[in-house]
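Here the structure comes first, spelled out in structure tokens, and everything after it is commentary.
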Amino acid sequence: MEDLIAELEAQEERLRFTRFDNDDAWTLGSLLVRLGKERGLPITIDIRRHGHQLFHAALPGTAPDNDRWIERKIRVVERLNASSYLVGRRMAAQGKAMDAAYGVDPADYATHGGAFPIRVVDVGVVGVVTVSGLPQAEDHALVVEAVGMFLDR
């Protein structure tokens, strides 16, 4: 578990944006849609900046429940400025749960993988990119892959 946590922390250090605007959200979201379609993935994608939804797409095989999961994962990132997967792994390693540790309703927060902070260098977290529909490690990995591709372009 310690190795996984260290890897997740390194991802967040490495995957930082120099800026992030509406056009960037469209480009990143479109990249995630393309990856999802090419792989036949049943995913919903959501990108927000300062709480403003800039991109949302639901691919075949998804359901309204995916939107509920997205909302719950986003709240974790917005509250703790770390990916929902990293928060979940840290809590699991400590034998804690989000509701007990932070006094929140578990129906409103999900420490499951898939929501990743949009962190701008010298600014901090300005938004969240989220995927829902796969097992949590795969949701997280897809977001990390797409953010890495976006930043490397």
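Going through the structure tokens in order, the chains are called A, B, and so on, while each chain numbers its residues from 1 and the ligands are numbered from 1 in the order shown.
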key: Near-range 51-58 of chain A list (9 Å; only C-alpha atoms; drop same-chain fewer than 3 positions) as a ChimeraX atom specification   = /A:21-23,25-26,28-30,33,42-48,61-63,66-67,78,126-128
Could you please take those selected residues and save C-alpha atoms as an mmCIF file, in the first residue's frame?
```
data_model
loop_
_atom_site.group_PDB
_atom_site.id
_atom_site.type_symbol
_atom_site.label_atom_id
_atom_site.label_comp_id
_atom_site.auth_asym_id
_atom_site.auth_seq_id
_atom_site.Cartn_x
_atom_site.Cartn_y
_atom_site.Cartn_z
ATOM 1 C CA ASP A 21 -9.179 27.244 -19.490
ATOM 2 C CA ASN A 22 -12.401 26.249 -21.255
ATOM 3 C CA ASP A 23 -10.562 25.229 -24.424
ATOM 4 C CA ALA A 25 -11.232 21.349 -20.772
ATOM 5 C CA TRP A 26 -12.702 20.649 -24.204
ATOM 6 C CA LEU A 28 -8.828 17.033 -22.452
ATOM 7 C CA GLY A 29 -12.446 15.875 -22.380
ATOM 8 C CA SER A 30 -12.401 15.082 -26.091
ATOM 9 C CA VAL A 33 -13.922 10.474 -25.103
ATOM 10 C CA PRO A 42 -18.579 2.478 -20.569
ATOM 11 C CA ILE A 43 -17.458 5.741 -18.957
ATOM 12 C CA THR A 44 -18.851 9.105 -18.036
ATOM 13 C CA ILE A 45 -16.412 12.041 -18.145
ATOM 14 C CA ASP A 46 -16.698 15.325 -16.264
ATOM 15 C CA ILE A 47 -14.345 18.318 -16.113
ATOM 16 C CA ARG A 48 -14.869 21.323 -13.856
ATOM 17 C CA GLY A 61 -23.072 1.592 -21.325
ATOM 18 C CA THR A 62 -23.250 4.313 -18.674
ATOM 19 C CA ALA A 63 -26.199 5.240 -16.489
ATOM 20 C CA ASN A 66 -22.283 7.365 -12.944
ATOM 21 C CA ASP A 67 -23.132 11.054 -12.535
ATOM 22 C CA GLU A 78 -12.461 19.777 -3.728
ATOM 23 C CA VAL A 126 -8.418 24.951 -9.848
ATOM 24 C CA GLY A 127 -10.607 22.066 -10.911
ATOM 25 C CA VAL A 128 -11.252 18.365 -11.245
#
```
Using only C-alpha atoms, determine which residues lie at most 10 Å from range 134-145 of chain A, disregarding the query and same-chain residues fewer than 2 positions distant; provide the list as a PDB file with all heavy atoms, in the first residue's frame.
```pdb
ATOM      1  N   LEU A   8       0.979   7.380  -6.374  1.00  0.00           N
ATOM      2  CA  LEU A   8      -0.117   8.325  -6.575  1.00  0.00           C
ATOM      3  C   LEU A   8       0.316   9.749  -6.239  1.00  0.00           C
ATOM      4  O   LEU A   8      -0.038  10.699  -6.944  1.00  0.00           O
ATOM      5  CB  LEU A   8      -1.334   7.918  -5.733  1.00  0.00           C
ATOM      6  CG  LEU A   8      -1.942   6.549  -6.067  1.00  0.00           C
ATOM      7  CD1 LEU A   8      -3.042   6.198  -5.069  1.00  0.00           C
ATOM      8  CD2 LEU A   8      -2.444   6.494  -7.495  1.00  0.00           C
ATOM      9  N   GLN A  11       2.415  11.046  -9.088  1.00  0.00           N
ATOM     10  CA  GLN A  11       1.590  11.439 -10.231  1.00  0.00           C
ATOM     11  C   GLN A  11       1.093  12.869 -10.053  1.00  0.00           C
ATOM     12  O   GLN A  11       1.126  13.665 -10.991  1.00  0.00           O
ATOM     13  CB  GLN A  11       0.388  10.500 -10.380  1.00  0.00           C
ATOM     14  CG  GLN A  11       0.736   9.124 -10.848  1.00  0.00           C
ATOM     15  CD  GLN A  11      -0.438   8.164 -10.767  1.00  0.00           C
ATOM     16  OE1 GLN A  11      -1.479   8.469 -10.194  1.00  0.00           O
ATOM     17  NE2 GLN A  11      -0.261   6.982 -11.339  1.00  0.00           N
ATOM     18  N   GLU A  12       0.637  13.184  -8.857  1.00  0.00           N
ATOM     19  CA  GLU A  12       0.103  14.524  -8.618  1.00  0.00           C
ATOM     20  C   GLU A  12       1.187  15.588  -8.675  1.00  0.00           C
ATOM     21  O   GLU A  12       0.924  16.714  -9.081  1.00  0.00           O
ATOM     22  CB  GLU A  12      -0.660  14.561  -7.294  1.00  0.00           C
ATOM     23  CG  GLU A  12      -1.924  13.730  -7.384  1.00  0.00           C
ATOM     24  CD  GLU A  12      -2.908  13.975  -6.279  1.00  0.00           C
ATOM     25  OE1 GLU A  12      -2.876  15.062  -5.665  1.00  0.00           O
ATOM     26  OE2 GLU A  12      -3.728  13.084  -6.029  1.00  0.00           O
ATOM     27  N   LEU A  15       1.969  15.721 -12.722  1.00  0.00           N
ATOM     28  CA  LEU A  15       0.909  16.121 -13.651  1.00  0.00           C
ATOM     29  C   LEU A  15       0.289  17.453 -13.250  1.00  0.00           C
ATOM     30  O   LEU A  15      -0.812  17.522 -12.721  1.00  0.00           O
ATOM     31  CB  LEU A  15      -0.150  15.013 -13.737  1.00  0.00           C
ATOM     32  CG  LEU A  15       0.378  13.677 -14.254  1.00  0.00           C
ATOM     33  CD1 LEU A  15      -0.692  12.601 -14.151  1.00  0.00           C
ATOM     34  CD2 LEU A  15       0.881  13.810 -15.690  1.00  0.00           C
ATOM     35  N   LEU A  28      -9.043  18.168 -23.350  1.00  0.00           N
ATOM     36  CA  LEU A  28      -8.828  17.033 -22.452  1.00  0.00           C
ATOM     37  C   LEU A  28     -10.049  16.114 -22.447  1.00  0.00           C
ATOM     38  O   LEU A  28      -9.912  14.888 -22.512  1.00  0.00           O
ATOM     39  CB  LEU A  28      -8.509  17.527 -21.040  1.00  0.00           C
ATOM     40  CG  LEU A  28      -8.313  16.454 -19.967  1.00  0.00           C
ATOM     41  CD1 LEU A  28      -7.211  15.470 -20.351  1.00  0.00           C
ATOM     42  CD2 LEU A  28      -8.011  17.116 -18.624  1.00  0.00           C
ATOM     43  N   GLY A  29     -11.232  16.687 -22.369  1.00  0.00           N
ATOM     44  CA  GLY A  29     -12.446  15.875 -22.380  1.00  0.00           C
ATOM     45  C   GLY A  29     -12.600  15.098 -23.671  1.00  0.00           C
ATOM     46  O   GLY A  29     -12.950  13.909 -23.664  1.00  0.00           O
ATOM     47  N   LEU A  32     -10.329  12.135 -23.649  1.00  0.00           N
ATOM     48  CA  LEU A  32     -10.895  11.042 -22.855  1.00  0.00           C
ATOM     49  C   LEU A  32     -12.024  10.331 -23.603  1.00  0.00           C
ATOM     50  O   LEU A  32     -12.130   9.100 -23.552  1.00  0.00           O
ATOM     51  CB  LEU A  32     -11.382  11.564 -21.506  1.00  0.00           C
ATOM     52  CG  LEU A  32     -10.293  11.728 -20.453  1.00  0.00           C
ATOM     53  CD1 LEU A  32     -10.725  12.683 -19.353  1.00  0.00           C
ATOM     54  CD2 LEU A  32      -9.909  10.371 -19.876  1.00  0.00           C
ATOM     55  N   LEU A  35     -10.343   8.090 -26.221  1.00  0.00           N
ATOM     56  CA  LEU A  35      -9.775   6.889 -25.603  1.00  0.00           C
ATOM     57  C   LEU A  35     -10.881   5.917 -25.207  1.00  0.00           C
ATOM     58  O   LEU A  35     -10.758   4.704 -25.410  1.00  0.00           O
ATOM     59  CB  LEU A  35      -8.935   7.270 -24.380  1.00  0.00           C
ATOM     60  CG  LEU A  35      -7.643   8.040 -24.649  1.00  0.00           C
ATOM     61  CD1 LEU A  35      -7.011   8.497 -23.335  1.00  0.00           C
ATOM     62  CD2 LEU A  35      -6.664   7.207 -25.464  1.00  0.00           C
ATOM     63  N   GLY A  36     -11.946   6.453 -24.627  1.00  0.00           N
ATOM     64  CA  GLY A  36     -13.055   5.600 -24.211  1.00  0.00           C
ATOM     65  C   GLY A  36     -13.713   4.899 -25.378  1.00  0.00           C
ATOM     66  O   GLY A  36     -14.009   3.696 -25.315  1.00  0.00           O
ATOM     67  N   LEU A  41     -15.066   1.601 -23.748  1.00  0.00           N
ATOM     68  CA  LEU A  41     -15.253   1.738 -22.305  1.00  0.00           C
ATOM     69  C   LEU A  41     -16.587   2.409 -21.963  1.00  0.00           C
ATOM     70  O   LEU A  41     -16.909   3.451 -22.534  1.00  0.00           O
ATOM     71  CB  LEU A  41     -14.104   2.554 -21.702  1.00  0.00           C
ATOM     72  CG  LEU A  41     -12.701   2.012 -21.919  1.00  0.00           C
ATOM     73  CD1 LEU A  41     -11.670   2.980 -21.360  1.00  0.00           C
ATOM     74  CD2 LEU A  41     -12.552   0.631 -21.305  1.00  0.00           C
ATOM     75  N   PRO A  42     -17.323   1.860 -21.019  1.00  0.00           N
ATOM     76  CA  PRO A  42     -18.579   2.478 -20.569  1.00  0.00           C
ATOM     77  C   PRO A  42     -18.282   3.529 -19.497  1.00  0.00           C
ATOM     78  O   PRO A  42     -18.395   3.266 -18.301  1.00  0.00           O
ATOM     79  CB  PRO A  42     -19.357   1.286 -19.999  1.00  0.00           C
ATOM     80  CG  PRO A  42     -18.274   0.402 -19.433  1.00  0.00           C
ATOM     81  CD  PRO A  42     -17.098   0.568 -20.368  1.00  0.00           C
ATOM     82  N   ILE A  43     -17.877   4.710 -19.914  1.00  0.00           N
ATOM     83  CA  ILE A  43     -17.458   5.741 -18.957  1.00  0.00           C
ATOM     84  C   ILE A  43     -18.243   7.034 -19.139  1.00  0.00           C
ATOM     85  O   ILE A  43     -18.703   7.358 -20.229  1.00  0.00           O
ATOM     86  CB  ILE A  43     -15.949   6.051 -19.060  1.00  0.00           C
ATOM     87  CG1 ILE A  43     -15.562   6.490 -20.482  1.00  0.00           C
ATOM     88  CG2 ILE A  43     -15.127   4.845 -18.604  1.00  0.00           C
ATOM     89  CD1 ILE A  43     -14.134   7.001 -20.632  1.00  0.00           C
ATOM     90  N   THR A  44     -18.359   7.737 -18.036  1.00  0.00           N
ATOM     91  CA  THR A  44     -18.851   9.105 -18.036  1.00  0.00           C
ATOM     92  C   THR A  44     -17.668   9.990 -17.653  1.00  0.00           C
ATOM     93  O   THR A  44     -16.886   9.641 -16.773  1.00  0.00           O
ATOM     94  CB  THR A  44     -20.016   9.286 -17.044  1.00  0.00           C
ATOM     95  OG1 THR A  44     -21.073   8.413 -17.436  1.00  0.00           O
ATOM     96  CG2 THR A  44     -20.532  10.716 -17.030  1.00  0.00           C
ATOM     97  N   ILE A  45     -17.545  11.133 -18.322  1.00  0.00           N
ATOM     98  CA  ILE A  45     -16.412  12.041 -18.145  1.00  0.00           C
ATOM     99  C   ILE A  45     -16.948  13.404 -17.722  1.00  0.00           C
ATOM    100  O   ILE A  45     -17.929  13.886 -18.282  1.00  0.00           O
ATOM    101  CB  ILE A  45     -15.631  12.173 -19.467  1.00  0.00           C
ATOM    102  CG1 ILE A  45     -15.143  10.797 -19.942  1.00  0.00           C
ATOM    103  CG2 ILE A  45     -14.481  13.173 -19.332  1.00  0.00           C
ATOM    104  CD1 ILE A  45     -15.062  10.682 -21.434  1.00  0.00           C
ATOM    105  N   THR A  62     -23.208   3.594 -19.951  1.00  0.00           N
ATOM    106  CA  THR A  62     -23.250   4.313 -18.674  1.00  0.00           C
ATOM    107  C   THR A  62     -24.701   4.527 -18.266  1.00  0.00           C
ATOM    108  O   THR A  62     -25.624   4.269 -19.026  1.00  0.00           O
ATOM    109  CB  THR A  62     -22.527   5.670 -18.773  1.00  0.00           C
ATOM    110  OG1 THR A  62     -23.173   6.469 -19.778  1.00  0.00           O
ATOM    111  CG2 THR A  62     -21.061   5.485 -19.131  1.00  0.00           C
ATOM    112  N   ASN A  66     -23.660   6.903 -12.750  1.00  0.00           N
ATOM    113  CA  ASN A  66     -22.283   7.365 -12.944  1.00  0.00           C
ATOM    114  C   ASN A  66     -22.145   8.840 -12.591  1.00  0.00           C
ATOM    115  O   ASN A  66     -21.128   9.258 -12.029  1.00  0.00           O
ATOM    116  CB  ASN A  66     -21.822   7.128 -14.377  1.00  0.00           C
ATOM    117  CG  ASN A  66     -21.714   5.668 -14.718  1.00  0.00           C
ATOM    118  OD1 ASN A  66     -22.542   5.144 -15.450  1.00  0.00           O
ATOM    119  ND2 ASN A  66     -20.723   4.991 -14.184  1.00  0.00           N
ATOM    120  N   SER A  83      -6.304  13.565  -5.326  1.00  0.00           N
ATOM    121  CA  SER A  83      -7.172  12.675  -6.093  1.00  0.00           C
ATOM    122  C   SER A  83      -8.007  11.810  -5.151  1.00  0.00           C
ATOM    123  O   SER A  83      -7.583  11.466  -4.046  1.00  0.00           O
ATOM    124  CB  SER A  83      -6.355  11.797  -7.041  1.00  0.00           C
ATOM    125  OG  SER A  83      -5.680  10.772  -6.346  1.00  0.00           O
ATOM    126  N   SER A  84      -9.194  11.466  -5.620  1.00  0.00           N
ATOM    127  CA  SER A  84     -10.088  10.639  -4.807  1.00  0.00           C
ATOM    128  C   SER A  84      -9.442   9.280  -4.518  1.00  0.00           C
ATOM    129  O   SER A  84      -9.634   8.719  -3.431  1.00  0.00           O
ATOM    130  CB  SER A  84     -11.440  10.465  -5.509  1.00  0.00           C
ATOM    131  OG  SER A  84     -11.278   9.943  -6.807  1.00  0.00           O
ATOM    132  N   TYR A  85      -8.663   8.767  -5.443  1.00  0.00           N
ATOM    133  CA  TYR A  85      -8.001   7.480  -5.241  1.00  0.00           C
ATOM    134  C   TYR A  85      -6.902   7.586  -4.185  1.00  0.00           C
ATOM    135  O   TYR A  85      -6.795   6.733  -3.306  1.00  0.00           O
ATOM    136  CB  TYR A  85      -7.431   6.982  -6.570  1.00  0.00           C
ATOM    137  CG  TYR A  85      -7.047   5.518  -6.590  1.00  0.00           C
ATOM    138  CD1 TYR A  85      -7.851   4.546  -6.007  1.00  0.00           C
ATOM    139  CD2 TYR A  85      -5.891   5.111  -7.224  1.00  0.00           C
ATOM    140  CE1 TYR A  85      -7.495   3.205  -6.050  1.00  0.00           C
ATOM    141  CE2 TYR A  85      -5.533   3.774  -7.278  1.00  0.00           C
ATOM    142  CZ  TYR A  85      -6.342   2.823  -6.691  1.00  0.00           C
ATOM    143  OH  TYR A  85      -5.988   1.493  -6.735  1.00  0.00           O
ATOM    144  N   LEU A  86      -6.101   8.642  -4.252  1.00  0.00           N
ATOM    145  CA  LEU A  86      -5.056   8.847  -3.253  1.00  0.00           C
ATOM    146  C   LEU A  86      -5.666   8.998  -1.862  1.00  0.00           C
ATOM    147  O   LEU A  86      -5.197   8.384  -0.901  1.00  0.00           O
ATOM    148  CB  LEU A  86      -4.203  10.073  -3.597  1.00  0.00           C
ATOM    149  CG  LEU A  86      -3.140  10.480  -2.575  1.00  0.00           C
ATOM    150  CD1 LEU A  86      -2.178   9.338  -2.271  1.00  0.00           C
ATOM    151  CD2 LEU A  86      -2.390  11.714  -3.062  1.00  0.00           C
ATOM    152  N   THR A 111     -14.404   8.049  -1.730  1.00  0.00           N
ATOM    153  CA  THR A 111     -12.950   7.993  -1.853  1.00  0.00           C
ATOM    154  C   THR A 111     -12.563   6.834  -2.773  1.00  0.00           C
ATOM    155  O   THR A 111     -11.750   5.995  -2.439  1.00  0.00           O
ATOM    156  CB  THR A 111     -12.281   7.844  -0.474  1.00  0.00           C
ATOM    157  OG1 THR A 111     -12.802   6.671   0.166  1.00  0.00           O
ATOM    158  CG2 THR A 111     -12.518   9.051   0.395  1.00  0.00           C
ATOM    159  N   HIS A 112     -13.166   6.822  -3.947  1.00  0.00           N
ATOM    160  CA  HIS A 112     -12.896   5.819  -4.972  1.00  0.00           C
ATOM    161  C   HIS A 112     -12.200   6.512  -6.134  1.00  0.00           C
ATOM    162  O   HIS A 112     -12.440   7.680  -6.415  1.00  0.00           O
ATOM    163  CB  HIS A 112     -14.204   5.178  -5.444  1.00  0.00           C
ATOM    164  CG  HIS A 112     -14.925   4.445  -4.362  1.00  0.00           C
ATOM    165  ND1 HIS A 112     -14.709   3.112  -4.092  1.00  0.00           N
ATOM    166  CD2 HIS A 112     -15.834   4.863  -3.463  1.00  0.00           C
ATOM    167  CE1 HIS A 112     -15.464   2.745  -3.080  1.00  0.00           C
ATOM    168  NE2 HIS A 112     -16.158   3.790  -2.673  1.00  0.00           N
ATOM    169  N   GLY A 113     -11.353   5.793  -6.817  1.00  0.00           N
ATOM    170  CA  GLY A 113     -10.562   6.368  -7.890  1.00  0.00           C
ATOM    171  C   GLY A 113     -11.383   6.928  -9.027  1.00  0.00           C
ATOM    172  O   GLY A 113     -12.479   6.453  -9.318  1.00  0.00           O
ATOM    173  N   GLY A 114     -10.833   7.960  -9.663  1.00  0.00           N
ATOM    174  CA  GLY A 114     -11.442   8.511 -10.858  1.00  0.00           C
ATOM    175  C   GLY A 114     -11.492  10.021 -10.912  1.00  0.00           C
ATOM    176  O   GLY A 114     -11.653  10.587 -11.982  1.00  0.00           O
ATOM    177  N   ALA A 115     -11.373  10.696  -9.771  1.00  0.00           N
ATOM    178  CA  ALA A 115     -11.366  12.165  -9.771  1.00  0.00           C
ATOM    179  C   ALA A 115      -9.945  12.638  -9.475  1.00  0.00           C
ATOM    180  O   ALA A 115      -9.346  12.246  -8.477  1.00  0.00           O
ATOM    181  CB  ALA A 115     -12.340  12.715  -8.740  1.00  0.00           C
ATOM    182  N   PHE A 116      -9.431  13.475 -10.357  1.00  0.00           N
ATOM    183  CA  PHE A 116      -8.036  13.915 -10.265  1.00  0.00           C
ATOM    184  C   PHE A 116      -7.991  15.440 -10.278  1.00  0.00           C
ATOM    185  O   PHE A 116      -8.672  16.081 -11.081  1.00  0.00           O
ATOM    186  CB  PHE A 116      -7.253  13.361 -11.461  1.00  0.00           C
ATOM    187  CG  PHE A 116      -5.770  13.436 -11.316  1.00  0.00           C
ATOM    188  CD1 PHE A 116      -5.067  12.443 -10.658  1.00  0.00           C
ATOM    189  CD2 PHE A 116      -5.066  14.510 -11.849  1.00  0.00           C
ATOM    190  CE1 PHE A 116      -3.690  12.509 -10.530  1.00  0.00           C
ATOM    191  CE2 PHE A 116      -3.687  14.585 -11.727  1.00  0.00           C
ATOM    192  CZ  PHE A 116      -3.004  13.578 -11.060  1.00  0.00           C
ATOM    193  N   VAL A 129     -10.895  16.706 -12.974  1.00  0.00           N
ATOM    194  CA  VAL A 129     -11.267  15.869 -14.108  1.00  0.00           C
ATOM    195  C   VAL A 129     -11.632  14.504 -13.539  1.00  0.00           C
ATOM    196  O   VAL A 129     -10.893  13.944 -12.736  1.00  0.00           O
ATOM    197  CB  VAL A 129     -10.148  15.784 -15.175  1.00  0.00           C
ATOM    198  CG1 VAL A 129      -8.818  15.353 -14.593  1.00  0.00           C
ATOM    199  CG2 VAL A 129     -10.558  14.853 -16.311  1.00  0.00           C
ATOM    200  N   THR A 130     -12.798  13.991 -13.943  1.00  0.00           N
ATOM    201  CA  THR A 130     -13.319  12.769 -13.341  1.00  0.00           C
ATOM    202  C   THR A 130     -13.816  11.803 -14.404  1.00  0.00           C
ATOM    203  O   THR A 130     -14.413  12.206 -15.397  1.00  0.00           O
ATOM    204  CB  THR A 130     -14.496  13.099 -12.391  1.00  0.00           C
ATOM    205  OG1 THR A 130     -14.111  14.146 -11.517  1.00  0.00           O
ATOM    206  CG2 THR A 130     -14.905  11.893 -11.579  1.00  0.00           C
ATOM    207  N   VAL A 131     -13.578  10.524 -14.140  1.00  0.00           N
ATOM    208  CA  VAL A 131     -14.114   9.436 -14.951  1.00  0.00           C
ATOM    209  C   VAL A 131     -14.823   8.476 -14.014  1.00  0.00           C
ATOM    210  O   VAL A 131     -14.345   8.199 -12.911  1.00  0.00           O
ATOM    211  CB  VAL A 131     -12.991   8.696 -15.723  1.00  0.00           C
ATOM    212  CG1 VAL A 131     -13.471   7.373 -16.282  1.00  0.00           C
ATOM    213  CG2 VAL A 131     -12.453   9.564 -16.836  1.00  0.00           C
ATOM    214  N   SER A 132     -15.976   7.967 -14.458  1.00  0.00           N
ATOM    215  CA  SER A 132     -16.725   6.964 -13.701  1.00  0.00           C
ATOM    216  C   SER A 132     -17.235   5.905 -14.657  1.00  0.00           C
ATOM    217  O   SER A 132     -17.674   6.232 -15.761  1.00  0.00           O
ATOM    218  CB  SER A 132     -17.905   7.620 -12.974  1.00  0.00           C
ATOM    219  OG  SER A 132     -18.699   6.636 -12.328  1.00  0.00           O
ATOM    220  N   VAL A 147      -4.399  12.880 -18.849  1.00  0.00           N
ATOM    221  CA  VAL A 147      -3.759  14.121 -18.405  1.00  0.00           C
ATOM    222  C   VAL A 147      -2.300  14.129 -18.860  1.00  0.00           C
ATOM    223  O   VAL A 147      -1.801  15.143 -19.360  1.00  0.00           O
ATOM    224  CB  VAL A 147      -3.877  14.315 -16.882  1.00  0.00           C
ATOM    225  CG1 VAL A 147      -3.000  15.466 -16.403  1.00  0.00           C
ATOM    226  CG2 VAL A 147      -5.333  14.561 -16.492  1.00  0.00           C
ATOM    227  N   GLY A 148      -1.616  12.992 -18.732  1.00  0.00           N
ATOM    228  CA  GLY A 148      -0.232  12.899 -19.192  1.00  0.00           C
ATOM    229  C   GLY A 148      -0.120  13.154 -20.685  1.00  0.00           C
ATOM    230  O   GLY A 148       0.769  13.895 -21.128  1.00  0.00           O
ATOM    231  N   MET A 149      -1.022  12.582 -21.474  1.00  0.00           N
ATOM    232  CA  MET A 149      -1.018  12.813 -22.925  1.00  0.00           C
ATOM    233  C   MET A 149      -1.287  14.268 -23.240  1.00  0.00           C
ATOM    234  O   MET A 149      -0.643  14.858 -24.107  1.00  0.00           O
ATOM    235  CB  MET A 149      -2.066  11.916 -23.598  1.00  0.00           C
ATOM    236  CG  MET A 149      -1.740  10.440 -23.579  1.00  0.00           C
ATOM    237  SD  MET A 149      -3.130   9.403 -24.130  1.00  0.00           S
ATOM    238  CE  MET A 149      -3.163   9.820 -25.881  1.00  0.00           C
ATOM    239  N   PHE A 150      -2.234  14.871 -22.542  1.00  0.00           N
ATOM    240  CA  PHE A 150      -2.575  16.280 -22.742  1.00  0.00           C
ATOM    241  C   PHE A 150      -1.357  17.157 -22.462  1.00  0.00           C
ATOM    242  O   PHE A 150      -1.034  18.065 -23.241  1.00  0.00           O
ATOM    243  CB  PHE A 150      -3.747  16.659 -21.846  1.00  0.00           C
ATOM    244  CG  PHE A 150      -4.105  18.123 -21.907  1.00  0.00           C
ATOM    245  CD1 PHE A 150      -5.011  18.590 -22.845  1.00  0.00           C
ATOM    246  CD2 PHE A 150      -3.531  19.028 -21.031  1.00  0.00           C
ATOM    247  CE1 PHE A 150      -5.333  19.931 -22.914  1.00  0.00           C
ATOM    248  CE2 PHE A 150      -3.849  20.374 -21.086  1.00  0.00           C
ATOM    249  CZ  PHE A 150      -4.754  20.832 -22.027  1.00  0.00           C
TER     250      PHE A 150
END
```
key: Who sits within 12 Å of Met98 in chain A, only C-alpha atoms, same chain under 3 positions skipped, as a list in words   =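 The filter keeps Arg72, Lys73, Arg75, Val76, Arg79, Leu80, Ser84, Val87, Gly88, Arg89, Arg90, Met91, Ala92, Gln94, Gly95, Ala101, Tyr102, Gly103, Val104, Asp105, Pro106, Ala107, Asp108, Tyr109, Ala110, Thr111 and His112 of chain A.
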How would the residues just picked look written out with N, CA, C and O atoms as a compact mmCIF listing (two decimals), in the first residue's frame?
```txt
# COMPACT_ATOMS: atom_id res chain seq x y z
N ARG A 72 -19.81 12.59 -6.04
CA ARG A 72 -19.22 12.16 -4.76
C ARG A 72 -17.69 12.20 -4.80
O ARG A 72 -17.05 12.59 -3.83
N LYS A 73 -17.10 11.79 -5.92
CA LYS A 73 -15.64 11.81 -6.05
C LYS A 73 -15.11 13.25 -6.11
O LYS A 73 -14.08 13.56 -5.51
N ARG A 75 -16.32 15.90 -4.75
CA ARG A 75 -16.33 16.52 -3.41
C ARG A 75 -15.08 16.17 -2.61
O ARG A 75 -14.57 17.00 -1.86
N VAL A 76 -14.56 14.97 -2.79
CA VAL A 76 -13.33 14.56 -2.10
C VAL A 76 -12.17 15.42 -2.58
O VAL A 76 -11.40 15.96 -1.76
N ARG A 79 -12.48 19.05 -1.42
CA ARG A 79 -12.28 19.22 0.03
C ARG A 79 -10.82 19.04 0.43
O ARG A 79 -10.31 19.76 1.30
N LEU A 80 -10.12 18.08 -0.19
CA LEU A 80 -8.77 17.71 0.26
C LEU A 80 -7.66 18.01 -0.74
O LEU A 80 -6.49 17.76 -0.46
N SER A 84 -9.19 11.47 -5.62
CA SER A 84 -10.09 10.64 -4.81
C SER A 84 -9.44 9.28 -4.52
O SER A 84 -9.63 8.72 -3.43
N VAL A 87 -6.70 9.78 -1.74
CA VAL A 87 -7.36 9.95 -0.44
C VAL A 87 -7.87 8.61 0.07
O VAL A 87 -7.67 8.25 1.23
N GLY A 88 -8.48 7.85 -0.81
CA GLY A 88 -9.00 6.54 -0.41
C GLY A 88 -7.92 5.58 0.02
O GLY A 88 -8.08 4.85 1.01
N ARG A 89 -6.79 5.58 -0.68
CA ARG A 89 -5.70 4.67 -0.32
C ARG A 89 -5.06 5.10 1.00
O ARG A 89 -4.69 4.28 1.82
N ARG A 90 -4.90 6.42 1.19
CA ARG A 90 -4.35 6.91 2.46
C ARG A 90 -5.26 6.51 3.63
O ARG A 90 -4.78 6.08 4.67
N MET A 91 -6.55 6.68 3.45
CA MET A 91 -7.49 6.36 4.52
C MET A 91 -7.50 4.86 4.80
O MET A 91 -7.53 4.45 5.95
N ALA A 92 -7.47 4.05 3.75
CA ALA A 92 -7.45 2.60 3.93
C ALA A 92 -6.19 2.18 4.69
O ALA A 92 -6.25 1.32 5.57
N GLN A 94 -4.67 3.82 6.87
CA GLN A 94 -4.82 4.24 8.27
C GLN A 94 -6.01 3.57 8.95
O GLN A 94 -6.27 3.81 10.13
N GLY A 95 -6.74 2.75 8.19
CA GLY A 95 -7.92 2.10 8.75
C GLY A 95 -9.05 3.07 9.06
O GLY A 95 -9.83 2.85 9.98
N ALA A 101 -13.64 10.35 9.65
CA ALA A 101 -12.48 11.23 9.75
C ALA A 101 -12.84 12.70 9.56
O ALA A 101 -12.23 13.58 10.17
N TYR A 102 -13.85 12.98 8.73
CA TYR A 102 -14.17 14.37 8.40
C TYR A 102 -15.60 14.78 8.75
O TYR A 102 -16.01 15.90 8.46
N GLY A 103 -16.35 13.86 9.31
CA GLY A 103 -17.71 14.20 9.71
C GLY A 103 -18.62 14.51 8.53
O GLY A 103 -19.45 15.42 8.60
N VAL A 104 -18.46 13.76 7.44
CA VAL A 104 -19.28 13.98 6.25
C VAL A 104 -20.20 12.79 6.03
O VAL A 104 -19.96 11.69 6.52
N ASP A 105 -21.24 13.01 5.26
CA ASP A 105 -22.18 11.95 4.92
C ASP A 105 -21.57 11.09 3.81
O ASP A 105 -21.23 11.60 2.75
N PRO A 106 -21.43 9.77 4.03
CA PRO A 106 -20.84 8.91 3.00
C PRO A 106 -21.65 8.89 1.71
O PRO A 106 -21.11 8.53 0.66
N ALA A 107 -22.90 9.29 1.77
CA ALA A 107 -23.70 9.36 0.54
C ALA A 107 -23.26 10.53 -0.33
O ALA A 107 -23.58 10.58 -1.52
N ASP A 108 -22.49 11.47 0.24
CA ASP A 108 -22.05 12.65 -0.49
C ASP A 108 -20.58 12.62 -0.91
O ASP A 108 -20.14 13.45 -1.70
N TYR A 109 -19.80 11.69 -0.37
CA TYR A 109 -18.36 11.62 -0.63
C TYR A 109 -17.97 10.18 -0.96
O TYR A 109 -18.40 9.26 -0.27
N ALA A 110 -17.13 10.02 -1.99
CA ALA A 110 -16.64 8.69 -2.37
C ALA A 110 -15.12 8.75 -2.57
O ALA A 110 -14.65 9.44 -3.47
N THR A 111 -14.40 8.05 -1.73
CA THR A 111 -12.95 7.99 -1.85
C THR A 111 -12.56 6.83 -2.77
O THR A 111 -11.75 6.00 -2.44
N HIS A 112 -13.17 6.82 -3.95
CA HIS A 112 -12.90 5.82 -4.97
C HIS A 112 -12.20 6.51 -6.13
O HIS A 112 -12.44 7.68 -6.42
```
task = Have a look at CA of Ala97 in chain A and CA of Ala6 in chain A and let me know their distance in Å, one decimal.
result =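 CA of Ala6 in chain A lies at a distance of 19.7 Å from CA of Ala97 in chain A.
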